[in-house]
Amino acid sequence: MGTQERGGTDGYGETRIERKIPCHGYGPKIGAGGIGKGLTFGRYFTDGKKSPFDAVEWEKRTALIGNEKGVTIFRQEDVEVPKGWSQTATNIVTSKYFHGKPGSAQREGSVRQLISRVVNTIVRWGEEGGYFAEAESRDAFRDELTHLLVEQKMAFNSPVWFNVGVQPKPQCSACFINSVSDNMESIMGLTRTEGMLSNGARGRERIFRHSGSRETLSGGGIASGPVSFMKGFDAFAGVIKSGEKRGARPRW
């Protein structure tokens, strides 16, 4: 199974190369002058006749989470999940990723809703951006992605489940690396940046340069050192929430 290429020239005298790279039916199609005309997607797991959701058995469960004292801190009944999913997966997905206020009519109650929200939003973005060569490729992409998710062959990071299909311009990245210089303006600027990142339940890593030392100041005092500021950043991460989700803790 190799790469196939066909060459020629377009009406402007530029070399045109069309390349198809087989990979279980998937492959980009590159048009004149390297300008893409959309991607062609084939089917590997699905047949286009049966919905990926209908290919698995479903059942209703109660998602329940308790603390170390045995006190229930989260409960949602009649949650529809694939029969093959573990109870742990059910509890985590329901409590962390279902959108909407618990007990309200807007609350998601099925893994179908969760996966459809994310997949349909991604497909809509792809269609608006011209990423699909034709409707068949769009439908194949939707079904194949749905299959991978509902069968737990892959999973997105948390910000995707939190935000896609909910926010107009969702933040989907899971981790940011923030650098800070050895001056108060940079350190305080990082405080704001980390606060906004925590608001989207996203993780952060910090790179401290020279602010890692307790140096003597020109006025005679001693610098606070990085640990003091780290405690402040961690405190922000602990109190800022993203909707109903606790902000991600920083990693060192």
# chains A, B, ... in the order shown; residues from 1 in each chain; ligands from 1

$ residues_around --residues "range 117-125 of chain A" --least-positions-apart "6" --cutoff "8 Å" --atoms "only C-alpha atoms" --output "MDAnalysis selection string"
chainID A and resid 138 141:142 145:146 160:161 164:165

$ select_by_dssp --residues "range 57-89 of chain A" --states "strand (DSSP E or B)" --output "NGL selection string"
:A and (58-66 or 72-82)

$ closest_residue --among "A:Asn178, A:Asn163, A:Asn183, A:Ser158" --to "Ile92 in chain A" --atoms "only C-alpha atoms"
A:Ser158

$ atom_distance --atom1 "CA of Leu39 in chain A" --atom2 "CA of Val166 in chain A"
26.2 Å

$ closest_residue --among "A:Gly232, A:Gly66, A:Pro82, A:Gly38" --to "Val150 in chain A" --atoms "only C-alpha atoms"
A:Pro82

$ residues_around --residues "Ser95 in chain A" --least-positions-apart "4" --cutoff "8 Å" --atoms "only C-alpha atoms" --output "ChimeraX atom specification"
/A:63,74,91

$ write_last_selection --atoms "N, CA and C atoms" --output "mmCIF file, in the first residue's frame"
data_model
loop_
_atom_site.group_PDB
_atom_site.id
_atom_site.type_symbol
_atom_site.label_atom_id
_atom_site.label_comp_id
_atom_site.auth_asym_id
_atom_site.auth_seq_id
_atom_site.Cartn_x
_atom_site.Cartn_y
_atom_site.Cartn_z
ATOM 1 N N ALA A 63 -25.419 7.422 38.492
ATOM 2 C CA ALA A 63 -24.040 7.867 38.725
ATOM 3 C C ALA A 63 -23.960 8.381 40.149
ATOM 4 N N PHE A 74 -22.313 13.530 44.893
ATOM 5 C CA PHE A 74 -22.913 13.685 43.565
ATOM 6 C C PHE A 74 -23.792 12.478 43.287
ATOM 7 N N ASN A 91 -19.530 7.298 36.408
ATOM 8 C CA ASN A 91 -19.495 8.325 37.458
ATOM 9 C C ASN A 91 -18.692 9.545 37.021
#

$ residues_around --residues "Val111 in chain A" --least-positions-apart "4" --cutoff "7 Å" --atoms "only C-alpha atoms" --output "MDAnalysis selection string"
chainID A and resid 80:81 115

$ write_last_selection --atoms "C-alpha atoms" --output "compact mmCIF listing (two decimals), in the first residue's frame"
# COMPACT_ATOMS: atom_id res chain seq x y z
CA GLU A 80 -27.95 6.37 29.73
CA VAL A 81 -24.56 4.78 29.09
CA ILE A 115 -20.66 12.63 22.32

$ select_by_dssp --residues "range 44-154 of chain A" --states "alpha helix (DSSP H)" --output "MDAnalysis selection string"
chainID A and resid 87:92 111:128 135:150
